[in-house]
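Peer 1: My questions will all concern the structure given below.
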Amino acid sequence: MAFKRLDDAALAREQYKRYEYARDLGHLRFLEKARKCADYFDGKQWEESVRAELKAQGKPILTINKIFATLITILGQQVERRADVSFEPMTEGSDAVADALSKVWVQIAQNNKLDWLQSEVAMDGFISSRGYYDVRMNFDQEMKGEVKITKVSYKNVMPDPDASSYDPDEWADVIVTKWMTPDEIEMMYGKEYADIFRARGSSGSYLYDSIDYKRDSFGSNSTISQTSNLVRVLERQYRKIDFAPHFVDPVTGDTRVVPSDWGRAQIARVAQAAGVQVIRRKLRRIRWTVSADDQILHDDWSPYEHFTIVPF
């Protein structure tokens, strides 16, 4: 029996409930701790009540920020000792493959300015205890796609609250929440969804705190036009059981999942050309669902074998 999708409204509600569960079962507590840690790093180490009392008494409010000096030293160690990636052949005659893979990695690292990115994500981890990369294919400048690695704010990533492992392959799901304008939604998901949210104010939200006018950015909230509402977008990657066709090598037994958008004719053509068999078998796949308020912007099987979110 194949995976059965819920209707959009029910799926949006289910997605939001999972977001609430992850938010209330630890993420808000983590954010409060991370805010305090960031304040200490910035030198804001006095409680406001103590500052007011000292100011009233005419006493100096002095901060000797040893935390800043310590973390900058640690970051310098990270820069000096960061690992270099290279590929070594495991069998005789595979030297050329290993050399090619090493060069591909160098090109990916240079395109993504990975040295800078690693330091930024490391600093997130040093300060807040969490830092995240997002690794996925990008087709903006290359029609065949290229690897894109970006830093994701630790404030926006909600790992599986029930997980007990640092390895994302052991997580049931991961949620990334972010605020998007209707124009950004139109660019990513289509005009029909953007028009829905352009017509809604914050009072038109079907789910609590799904539409607002605030954003975590360089500017203060007062700089945001009150005529441009922001929509909370929930991007969730999670594991589901599915029955899917697989290519099977009759000699080695190796299997590969058939891409979900392939039709029967294409599957048969590839199987014949490659000399492989096609069978249907049960597996755990990653489902990728993106919702905004009561709307489903995207819902399909992930093209990746792992979550795109990678913790530091």
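Following the order of the structure tokens, chains are lettered A, B, ..., residues in each are numbered from 1, and ligands are numbered from 1.
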Quick one: residues within 12 Å of Ala244 of chain A, only C-alpha atoms counted, chain neighbours fewer than 5 positions away excluded, as a list in words?
Peer 2: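 In the requested format, the answer is Met1, Ala2, Phe3, Thr255, Arg256, Val257, Val258, Pro259, Ser260, Asp261, Trp262, Val278, Ile279, Arg280, Arg281, Lys282, Leu283, Arg284, Arg285 and Trp301 of chain A.
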Peer 1: Restricting it to N, CA and C atoms, dump the selection as a short mmCIF file (atom, residue, chain, number, x, y, z; two decimals), in the first residue's frame.
Peer 2:
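To be explicit, this is the file written out as result-v3.cif:
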data_model
loop_
_atom_site.label_atom_id
_atom_site.label_comp_id
_atom_site.auth_asym_id
_atom_site.auth_seq_id
_atom_site.Cartn_x
_atom_site.Cartn_y
_atom_site.Cartn_z
N MET A 1 0.85 -1.19 0.00
CA MET A 1 0.00 0.00 0.00
C MET A 1 0.88 1.24 0.00
N ALA A 2 0.70 2.11 -0.96
CA ALA A 2 1.54 3.30 -1.09
C ALA A 2 1.18 4.36 -0.06
N PHE A 3 2.11 5.25 0.16
CA PHE A 3 1.89 6.38 1.07
C PHE A 3 0.68 7.18 0.61
N THR A 255 20.66 -2.09 -4.87
CA THR A 255 19.36 -1.51 -5.20
C THR A 255 19.44 0.01 -5.17
N ARG A 256 18.62 0.64 -6.01
CA ARG A 256 18.48 2.09 -6.03
C ARG A 256 17.00 2.43 -6.22
N VAL A 257 16.54 3.41 -5.44
CA VAL A 257 15.15 3.83 -5.56
C VAL A 257 14.95 4.54 -6.89
N VAL A 258 13.85 4.22 -7.57
CA VAL A 258 13.51 4.89 -8.82
C VAL A 258 12.99 6.29 -8.49
N PRO A 259 13.46 7.34 -9.17
CA PRO A 259 12.94 8.69 -8.91
C PRO A 259 11.43 8.72 -8.97
N SER A 260 10.81 9.44 -8.03
CA SER A 260 9.35 9.41 -7.89
C SER A 260 8.61 10.01 -9.08
N ASP A 261 9.28 10.85 -9.88
CA ASP A 261 8.59 11.49 -11.00
C ASP A 261 8.77 10.73 -12.31
N TRP A 262 9.36 9.53 -12.28
CA TRP A 262 9.54 8.75 -13.50
C TRP A 262 8.26 7.96 -13.81
N VAL A 278 13.29 -4.52 -11.88
CA VAL A 278 12.51 -3.55 -11.13
C VAL A 278 11.59 -4.30 -10.17
N ILE A 279 11.70 -3.99 -8.89
CA ILE A 279 10.82 -4.59 -7.90
C ILE A 279 10.27 -3.48 -7.01
N ARG A 280 9.15 -3.76 -6.35
CA ARG A 280 8.59 -2.82 -5.38
C ARG A 280 8.90 -3.35 -3.98
N ARG A 281 9.38 -2.45 -3.12
CA ARG A 281 9.72 -2.87 -1.76
C ARG A 281 9.46 -1.72 -0.79
N LYS A 282 9.31 -2.08 0.47
CA LYS A 282 9.05 -1.09 1.52
C LYS A 282 10.35 -0.42 1.92
N LEU A 283 10.27 0.88 2.19
CA LEU A 283 11.44 1.61 2.67
C LEU A 283 10.99 2.85 3.43
N ARG A 284 11.91 3.40 4.20
CA ARG A 284 11.67 4.69 4.87
C ARG A 284 12.28 5.78 4.01
N ARG A 285 11.43 6.69 3.56
CA ARG A 285 11.88 7.78 2.70
C ARG A 285 11.65 9.11 3.41
N TRP A 301 8.14 13.67 -2.15
CA TRP A 301 9.29 12.95 -1.63
C TRP A 301 10.55 13.76 -1.88
#
Peer 1: Fewer than 5 positions away in the same chain doesn't count, so skip those; otherwise give me all residues within 6 Å of Trp179 of chain A, counting only C-alpha atoms, as a PyMOL selection string.
Peer 2: chain A and resi 230-232
Peer 1: Can you write out the residues you just picked, keeping N, CA, C and O atoms, as a PDB file, in the first residue's frame?
Peer 2:
ATOM      1  N   LEU A 230       4.081  39.506   6.919  1.00  0.00           N
ATOM      2  CA  LEU A 230       5.016  38.404   6.808  1.00  0.00           C
ATOM      3  C   LEU A 230       4.301  37.110   7.177  1.00  0.00           C
ATOM      4  O   LEU A 230       3.449  37.091   8.059  1.00  0.00           O
ATOM      5  N   VAL A 231       4.669  36.052   6.509  1.00  0.00           N
ATOM      6  CA  VAL A 231       4.002  34.762   6.687  1.00  0.00           C
ATOM      7  C   VAL A 231       5.015  33.759   7.227  1.00  0.00           C
ATOM      8  O   VAL A 231       6.132  33.641   6.713  1.00  0.00           O
ATOM      9  N   ARG A 232       4.619  33.045   8.293  1.00  0.00           N
ATOM     10  CA  ARG A 232       5.497  32.003   8.815  1.00  0.00           C
ATOM     11  C   ARG A 232       5.430  30.786   7.908  1.00  0.00           C
ATOM     12  O   ARG A 232       4.367  30.175   7.735  1.00  0.00           O
TER      13      ARG A 232
END
Peer 1: How many Å separate atom CA of Tyr133 of chain A from atom CA of Glu305 of chain A?
Peer 2: 16.2 Å
Peer 1: Could you give me, as a ChimeraX atom specification, each residue of segment 63-277 of chain A that DSSP assigns to strand (DSSP E) when run on this structure's backbone?
Peer 2: /A:132-138,146-152,157-159,173-180,211-212,230-248,255-257,277
Peer 1: Give me every alpha helix (DSSP H) residue in segment 26-237 of chain A, going by DSSP on the backbone, as a short mmCIF file (atom, residue, chain, number, x, y, z; two decimals) with N, CA, C and O atoms, in the first residue's frame.
Peer 2:
data_model
loop_
_atom_site.label_atom_id
_atom_site.label_comp_id
_atom_site.auth_asym_id
_atom_site.auth_seq_id
_atom_site.Cartn_x
_atom_site.Cartn_y
_atom_site.Cartn_z
N LEU A 28 11.83 26.79 22.60
CA LEU A 28 11.73 28.10 23.25
C LEU A 28 12.72 28.21 24.41
O LEU A 28 13.32 29.27 24.62
N ARG A 29 12.88 27.12 25.13
CA ARG A 29 13.84 27.12 26.24
C ARG A 29 15.27 27.28 25.71
O ARG A 29 16.09 28.01 26.28
N PHE A 30 15.55 26.62 24.59
CA PHE A 30 16.87 26.78 23.96
C PHE A 30 17.10 28.20 23.49
O PHE A 30 18.19 28.76 23.68
N LEU A 31 16.09 28.83 22.89
CA LEU A 31 16.22 30.20 22.41
C LEU A 31 16.52 31.16 23.55
O LEU A 31 17.32 32.10 23.39
N GLU A 32 15.89 30.95 24.69
CA GLU A 32 16.14 31.82 25.84
C GLU A 32 17.59 31.66 26.31
O GLU A 32 18.28 32.65 26.62
N LYS A 33 18.07 30.42 26.36
CA LYS A 33 19.46 30.19 26.75
C LYS A 33 20.41 30.79 25.72
O LYS A 33 21.42 31.43 26.09
N ALA A 34 20.10 30.61 24.42
CA ALA A 34 20.97 31.13 23.37
C ALA A 34 21.02 32.66 23.40
O ALA A 34 22.06 33.27 23.16
N ARG A 35 19.87 33.29 23.71
CA ARG A 35 19.84 34.76 23.80
C ARG A 35 20.74 35.24 24.93
O ARG A 35 21.50 36.20 24.77
N LYS A 36 20.67 34.55 26.05
CA LYS A 36 21.50 34.94 27.20
C LYS A 36 22.98 34.74 26.88
O LYS A 36 23.83 35.59 27.22
N CYS A 37 23.30 33.63 26.21
CA CYS A 37 24.69 33.37 25.83
C CYS A 37 25.20 34.44 24.86
O CYS A 37 26.34 34.91 24.98
N ALA A 38 24.36 34.82 23.88
CA ALA A 38 24.75 35.85 22.92
C ALA A 38 24.95 37.20 23.61
O ALA A 38 25.88 37.95 23.28
N ASP A 39 24.09 37.51 24.58
CA ASP A 39 24.25 38.76 25.34
C ASP A 39 25.56 38.77 26.12
O ASP A 39 26.27 39.78 26.16
N TYR A 40 25.91 37.65 26.73
CA TYR A 40 27.16 37.57 27.48
C TYR A 40 28.35 37.75 26.54
O TYR A 40 29.33 38.43 26.88
N PHE A 41 28.27 37.16 25.35
CA PHE A 41 29.35 37.32 24.37
C PHE A 41 29.48 38.79 23.95
O PHE A 41 30.60 39.29 23.76
N ASP A 42 28.35 39.48 23.82
CA ASP A 42 28.35 40.89 23.42
C ASP A 42 28.69 41.84 24.56
O ASP A 42 28.77 43.05 24.36
N GLU A 48 19.08 43.89 34.19
CA GLU A 48 18.59 45.26 34.13
C GLU A 48 18.28 45.82 35.52
O GLU A 48 18.52 47.00 35.80
N SER A 49 17.76 44.98 36.40
CA SER A 49 17.44 45.46 37.75
C SER A 49 18.71 45.87 38.51
O SER A 49 18.73 46.87 39.24
N VAL A 50 19.79 45.12 38.32
CA VAL A 50 21.06 45.44 38.98
C VAL A 50 21.66 46.69 38.37
O VAL A 50 22.19 47.56 39.08
N ARG A 51 21.59 46.82 37.04
CA ARG A 51 22.10 48.02 36.37
C ARG A 51 21.38 49.27 36.88
O ARG A 51 22.01 50.31 37.16
N ALA A 52 20.05 49.18 36.99
CA ALA A 52 19.27 50.34 37.45
C ALA A 52 19.65 50.72 38.88
O ALA A 52 19.75 51.91 39.23
N GLU A 53 19.87 49.69 39.74
CA GLU A 53 20.23 49.96 41.12
C GLU A 53 21.60 50.62 41.22
O GLU A 53 21.80 51.58 41.97
N LEU A 54 22.56 50.13 40.45
CA LEU A 54 23.91 50.71 40.46
C LEU A 54 23.89 52.13 39.91
O LEU A 54 24.58 53.03 40.44
N LYS A 55 23.10 52.34 38.86
CA LYS A 55 23.01 53.68 38.27
C LYS A 55 22.40 54.66 39.26
O LYS A 55 22.83 55.82 39.38
N ALA A 56 21.38 54.22 39.99
CA ALA A 56 20.73 55.08 40.99
C ALA A 56 21.69 55.45 42.11
O ALA A 56 21.60 56.53 42.71
N LYS A 66 35.55 38.52 29.62
CA LYS A 66 36.48 37.42 29.38
C LYS A 66 35.91 36.39 28.40
O LYS A 66 36.65 35.66 27.76
N ILE A 67 34.58 36.32 28.33
CA ILE A 67 33.94 35.36 27.42
C ILE A 67 34.28 35.70 25.98
O ILE A 67 34.62 34.83 25.16
N PHE A 68 34.20 36.98 25.62
CA PHE A 68 34.52 37.41 24.25
C PHE A 68 35.96 37.02 23.90
O PHE A 68 36.21 36.43 22.84
N ALA A 69 36.89 37.34 24.78
CA ALA A 69 38.30 37.04 24.51
C ALA A 69 38.54 35.54 24.36
O ALA A 69 39.28 35.09 23.49
N THR A 70 37.87 34.75 25.21
CA THR A 70 38.05 33.30 25.16
C THR A 70 37.52 32.71 23.86
O THR A 70 38.18 31.89 23.20
N LEU A 71 36.30 33.14 23.46
CA LEU A 71 35.71 32.58 22.25
C LEU A 71 36.44 33.03 20.99
O LEU A 71 36.53 32.27 20.02
N ILE A 72 36.96 34.24 20.98
CA ILE A 72 37.74 34.68 19.82
C ILE A 72 39.01 33.85 19.69
O ILE A 72 39.43 33.49 18.59
N THR A 73 39.61 33.50 20.83
CA THR A 73 40.78 32.62 20.81
C THR A 73 40.42 31.24 20.28
O THR A 73 41.15 30.66 19.46
N ILE A 74 39.27 30.72 20.72
CA ILE A 74 38.81 29.40 20.25
C ILE A 74 38.53 29.44 18.75
O ILE A 74 38.87 28.51 18.01
N LEU A 75 37.93 30.53 18.28
CA LEU A 75 37.66 30.66 16.85
C LEU A 75 38.96 30.70 16.06
O LEU A 75 39.05 30.12 14.97
N GLY A 76 39.97 31.36 16.61
CA GLY A 76 41.27 31.37 15.95
C GLY A 76 41.85 29.97 15.83
O GLY A 76 42.43 29.61 14.80
N GLN A 77 41.66 29.15 16.87
CA GLN A 77 42.10 27.75 16.81
C GLN A 77 41.34 26.98 15.74
O GLN A 77 41.90 26.14 15.04
N GLN A 78 40.03 27.27 15.63
CA GLN A 78 39.23 26.60 14.60
C GLN A 78 39.73 26.94 13.20
O GLN A 78 39.83 26.07 12.33
N VAL A 79 40.06 28.20 12.99
CA VAL A 79 40.56 28.62 11.67
C VAL A 79 41.89 27.96 11.37
O VAL A 79 42.14 27.50 10.26
N GLU A 80 42.75 27.89 12.38
CA GLU A 80 44.09 27.34 12.18
C GLU A 80 44.08 25.83 11.97
O GLU A 80 44.89 25.29 11.19
N ARG A 81 43.14 25.14 12.63
CA ARG A 81 43.17 23.68 12.64
C ARG A 81 42.04 23.04 11.85
O ARG A 81 41.80 21.84 11.99
N ASP A 95 42.76 5.36 -8.60
CA ASP A 95 43.44 6.62 -8.29
C ASP A 95 42.80 7.79 -9.02
O ASP A 95 42.65 8.89 -8.46
N ALA A 96 42.44 7.58 -10.28
CA ALA A 96 41.87 8.66 -11.08
C ALA A 96 40.54 9.11 -10.52
O ALA A 96 40.22 10.31 -10.49
N VAL A 97 39.73 8.16 -10.02
CA VAL A 97 38.44 8.51 -9.43
C VAL A 97 38.64 9.33 -8.16
O VAL A 97 37.97 10.35 -7.93
N ALA A 98 39.57 8.91 -7.30
CA ALA A 98 39.84 9.63 -6.07
C ALA A 98 40.34 11.03 -6.36
O ALA A 98 39.95 12.00 -5.71
N ASP A 99 41.22 11.16 -7.37
CA ASP A 99 41.74 12.48 -7.74
C ASP A 99 40.63 13.38 -8.24
O ASP A 99 40.57 14.57 -7.91
N ALA A 100 39.72 12.80 -9.06
CA ALA A 100 38.60 13.59 -9.59
C ALA A 100 37.68 14.05 -8.47
O ALA A 100 37.23 15.20 -8.45
N LEU A 101 37.39 13.17 -7.51
CA LEU A 101 36.53 13.53 -6.39
C LEU A 101 37.16 14.63 -5.53
O LEU A 101 36.47 15.53 -5.06
N SER A 102 38.46 14.57 -5.33
CA SER A 102 39.14 15.61 -4.56
C SER A 102 39.02 16.96 -5.25
O SER A 102 38.80 17.99 -4.60
N LYS A 103 39.15 16.98 -6.57
CA LYS A 103 39.05 18.23 -7.31
C LYS A 103 37.61 18.76 -7.30
O LYS A 103 37.39 19.97 -7.22
N VAL A 104 36.65 17.85 -7.38
CA VAL A 104 35.24 18.27 -7.30
C VAL A 104 34.96 18.91 -5.94
O VAL A 104 34.29 19.95 -5.85
N TRP A 105 35.49 18.30 -4.88
CA TRP A 105 35.28 18.86 -3.54
C TRP A 105 35.91 20.25 -3.42
O TRP A 105 35.30 21.16 -2.84
N VAL A 106 37.09 20.43 -3.95
CA VAL A 106 37.75 21.74 -3.90
C VAL A 106 36.89 22.78 -4.61
O VAL A 106 36.72 23.91 -4.13
N GLN A 107 36.32 22.40 -5.75
CA GLN A 107 35.47 23.34 -6.50
C GLN A 107 34.21 23.69 -5.72
O GLN A 107 33.80 24.85 -5.66
N ILE A 108 33.59 22.70 -5.07
CA ILE A 108 32.40 22.95 -4.24
C ILE A 108 32.75 23.87 -3.08
O ILE A 108 32.02 24.83 -2.79
N ALA A 109 33.87 23.61 -2.42
CA ALA A 109 34.29 24.42 -1.27
C ALA A 109 34.56 25.86 -1.69
O ALA A 109 34.17 26.81 -1.00
N GLN A 110 35.22 26.05 -2.82
CA GLN A 110 35.53 27.40 -3.29
C GLN A 110 34.26 28.15 -3.69
O GLN A 110 34.10 29.33 -3.37
N ASN A 111 33.36 27.47 -4.40
CA ASN A 111 32.12 28.13 -4.84
C ASN A 111 31.27 28.59 -3.66
O ASN A 111 30.58 29.62 -3.74
N LEU A 114 33.60 28.05 1.62
CA LEU A 114 33.37 27.18 2.76
C LEU A 114 34.23 27.54 3.97
O LEU A 114 33.82 27.35 5.11
N ASP A 115 35.44 28.08 3.73
CA ASP A 115 36.29 28.47 4.86
C ASP A 115 35.59 29.51 5.73
O ASP A 115 35.60 29.43 6.96
N TRP A 116 35.00 30.53 5.08
CA TRP A 116 34.27 31.56 5.82
C TRP A 116 33.02 30.97 6.48
O TRP A 116 32.70 31.26 7.62
N LEU A 117 32.33 30.14 5.72
CA LEU A 117 31.07 29.57 6.20
C LEU A 117 31.30 28.69 7.43
O LEU A 117 30.52 28.74 8.40
N GLN A 118 32.37 27.89 7.39
CA GLN A 118 32.67 27.03 8.54
C GLN A 118 32.89 27.85 9.81
O GLN A 118 32.44 27.46 10.89
N SER A 119 33.57 28.97 9.67
CA SER A 119 33.83 29.81 10.84
C SER A 119 32.54 30.42 11.38
O SER A 119 32.34 30.52 12.60
N GLU A 120 31.63 30.83 10.47
CA GLU A 120 30.36 31.40 10.91
C GLU A 120 29.52 30.37 11.65
O GLU A 120 28.94 30.66 12.71
N VAL A 121 29.44 29.16 11.09
CA VAL A 121 28.64 28.12 11.73
C VAL A 121 29.30 27.68 13.04
O VAL A 121 28.61 27.43 14.04
N ALA A 122 30.63 27.61 13.04
CA ALA A 122 31.34 27.26 14.28
C ALA A 122 31.06 28.28 15.37
O ALA A 122 30.83 27.92 16.53
N MET A 123 31.04 29.57 15.02
CA MET A 123 30.78 30.60 16.02
C MET A 123 29.37 30.48 16.57
O MET A 123 29.15 30.66 17.77
N ASP A 124 28.40 30.15 15.70
CA ASP A 124 27.05 29.87 16.20
C ASP A 124 27.08 28.76 17.24
O ASP A 124 26.43 28.83 18.29
N GLY A 125 27.84 27.71 16.92
CA GLY A 125 27.92 26.58 17.84
C GLY A 125 28.61 26.93 19.14
O GLY A 125 28.17 26.52 20.21
N PHE A 126 29.71 27.71 19.07
CA PHE A 126 30.44 28.09 20.28
C PHE A 126 29.57 28.94 21.21
O PHE A 126 29.61 28.78 22.43
N ILE A 127 28.78 29.84 20.62
CA ILE A 127 27.99 30.77 21.43
C ILE A 127 26.70 30.13 21.94
O ILE A 127 26.38 30.18 23.13
N SER A 128 25.96 29.50 21.04
CA SER A 128 24.61 29.04 21.39
C SER A 128 24.52 27.55 21.70
O SER A 128 23.52 27.09 22.23
N PRO A 182 4.88 37.92 0.89
CA PRO A 182 4.16 37.35 -0.25
C PRO A 182 4.98 37.33 -1.53
O PRO A 182 4.87 36.40 -2.33
N ASP A 183 5.83 38.36 -1.74
CA ASP A 183 6.66 38.38 -2.94
C ASP A 183 7.66 37.23 -2.94
O ASP A 183 7.91 36.60 -3.98
N GLU A 184 8.23 36.94 -1.77
CA GLU A 184 9.17 35.82 -1.68
C GLU A 184 8.45 34.49 -1.89
O GLU A 184 9.00 33.58 -2.52
N ILE A 185 7.24 34.39 -1.37
CA ILE A 185 6.45 33.18 -1.59
C ILE A 185 6.12 33.01 -3.07
O ILE A 185 6.18 31.90 -3.62
N GLU A 186 5.79 34.11 -3.76
CA GLU A 186 5.50 34.04 -5.19
C GLU A 186 6.71 33.55 -5.97
O GLU A 186 6.59 32.73 -6.89
N MET A 187 7.90 34.03 -5.60
CA MET A 187 9.13 33.63 -6.29
C MET A 187 9.41 32.15 -6.11
O MET A 187 9.83 31.45 -7.04
N MET A 188 9.16 31.64 -4.90
CA MET A 188 9.50 30.25 -4.59
C MET A 188 8.40 29.26 -4.92
O MET A 188 8.66 28.16 -5.41
N TYR A 189 7.12 29.67 -4.68
CA TYR A 189 6.04 28.68 -4.74
C TYR A 189 4.89 29.03 -5.68
O TYR A 189 3.99 28.20 -5.87
N LYS A 191 2.38 32.39 -7.76
CA LYS A 191 1.57 33.58 -7.53
C LYS A 191 0.26 33.28 -6.80
O LYS A 191 -0.23 34.10 -6.02
N GLU A 192 -0.31 32.10 -7.03
CA GLU A 192 -1.61 31.79 -6.43
C GLU A 192 -1.53 31.82 -4.90
O GLU A 192 -2.45 32.31 -4.23
N TYR A 193 -0.42 31.32 -4.34
CA TYR A 193 -0.26 31.34 -2.89
C TYR A 193 0.05 32.75 -2.40
O TYR A 193 -0.44 33.18 -1.35
N ALA A 194 0.87 33.48 -3.16
CA ALA A 194 1.21 34.84 -2.75
C ALA A 194 -0.03 35.72 -2.68
O ALA A 194 -0.19 36.52 -1.75
N ASP A 195 -0.93 35.57 -3.64
CA ASP A 195 -2.15 36.38 -3.66
C ASP A 195 -3.04 36.09 -2.45
O ASP A 195 -3.71 36.99 -1.93
N ILE A 196 -3.04 34.84 -2.01
CA ILE A 196 -3.84 34.48 -0.82
C ILE A 196 -3.36 35.27 0.39
O ILE A 196 -4.16 35.84 1.14
N PHE A 197 -2.05 35.35 0.57
CA PHE A 197 -1.52 36.02 1.75
C PHE A 197 -1.46 37.53 1.59
O PHE A 197 -1.47 38.26 2.59
N ARG A 198 -1.42 38.03 0.37
CA ARG A 198 -1.52 39.47 0.17
C ARG A 198 -2.88 39.99 0.62
O ARG A 198 -3.02 41.13 1.07
#
Peer 1: Between A:Ile296, A:Ile286, A:Ile175, A:Leu62, which one has atoms that come closest to Arg18 of chain A, using only C-alpha atoms?
Peer 2: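 Ranking A:Ile296, A:Ile286, A:Ile175, A:Leu62 by distance to Arg18 of chain A, first place goes to A:Ile175.
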Peer 1: Excluding Asp173 of chain A and its own-chain neighbours fewer than 3 positions away, which residues fall within 8 Å of it when counting only C-alpha atoms? Please give them as number ranges by chain.
Peer 2: A: 159-160, 236-239
Peer 1: What does the distance from atom CA of Asn112 of chain A to atom CA of Thr308 of chain A come to in Å, to one decimal?
Peer 2: 15.4 Å
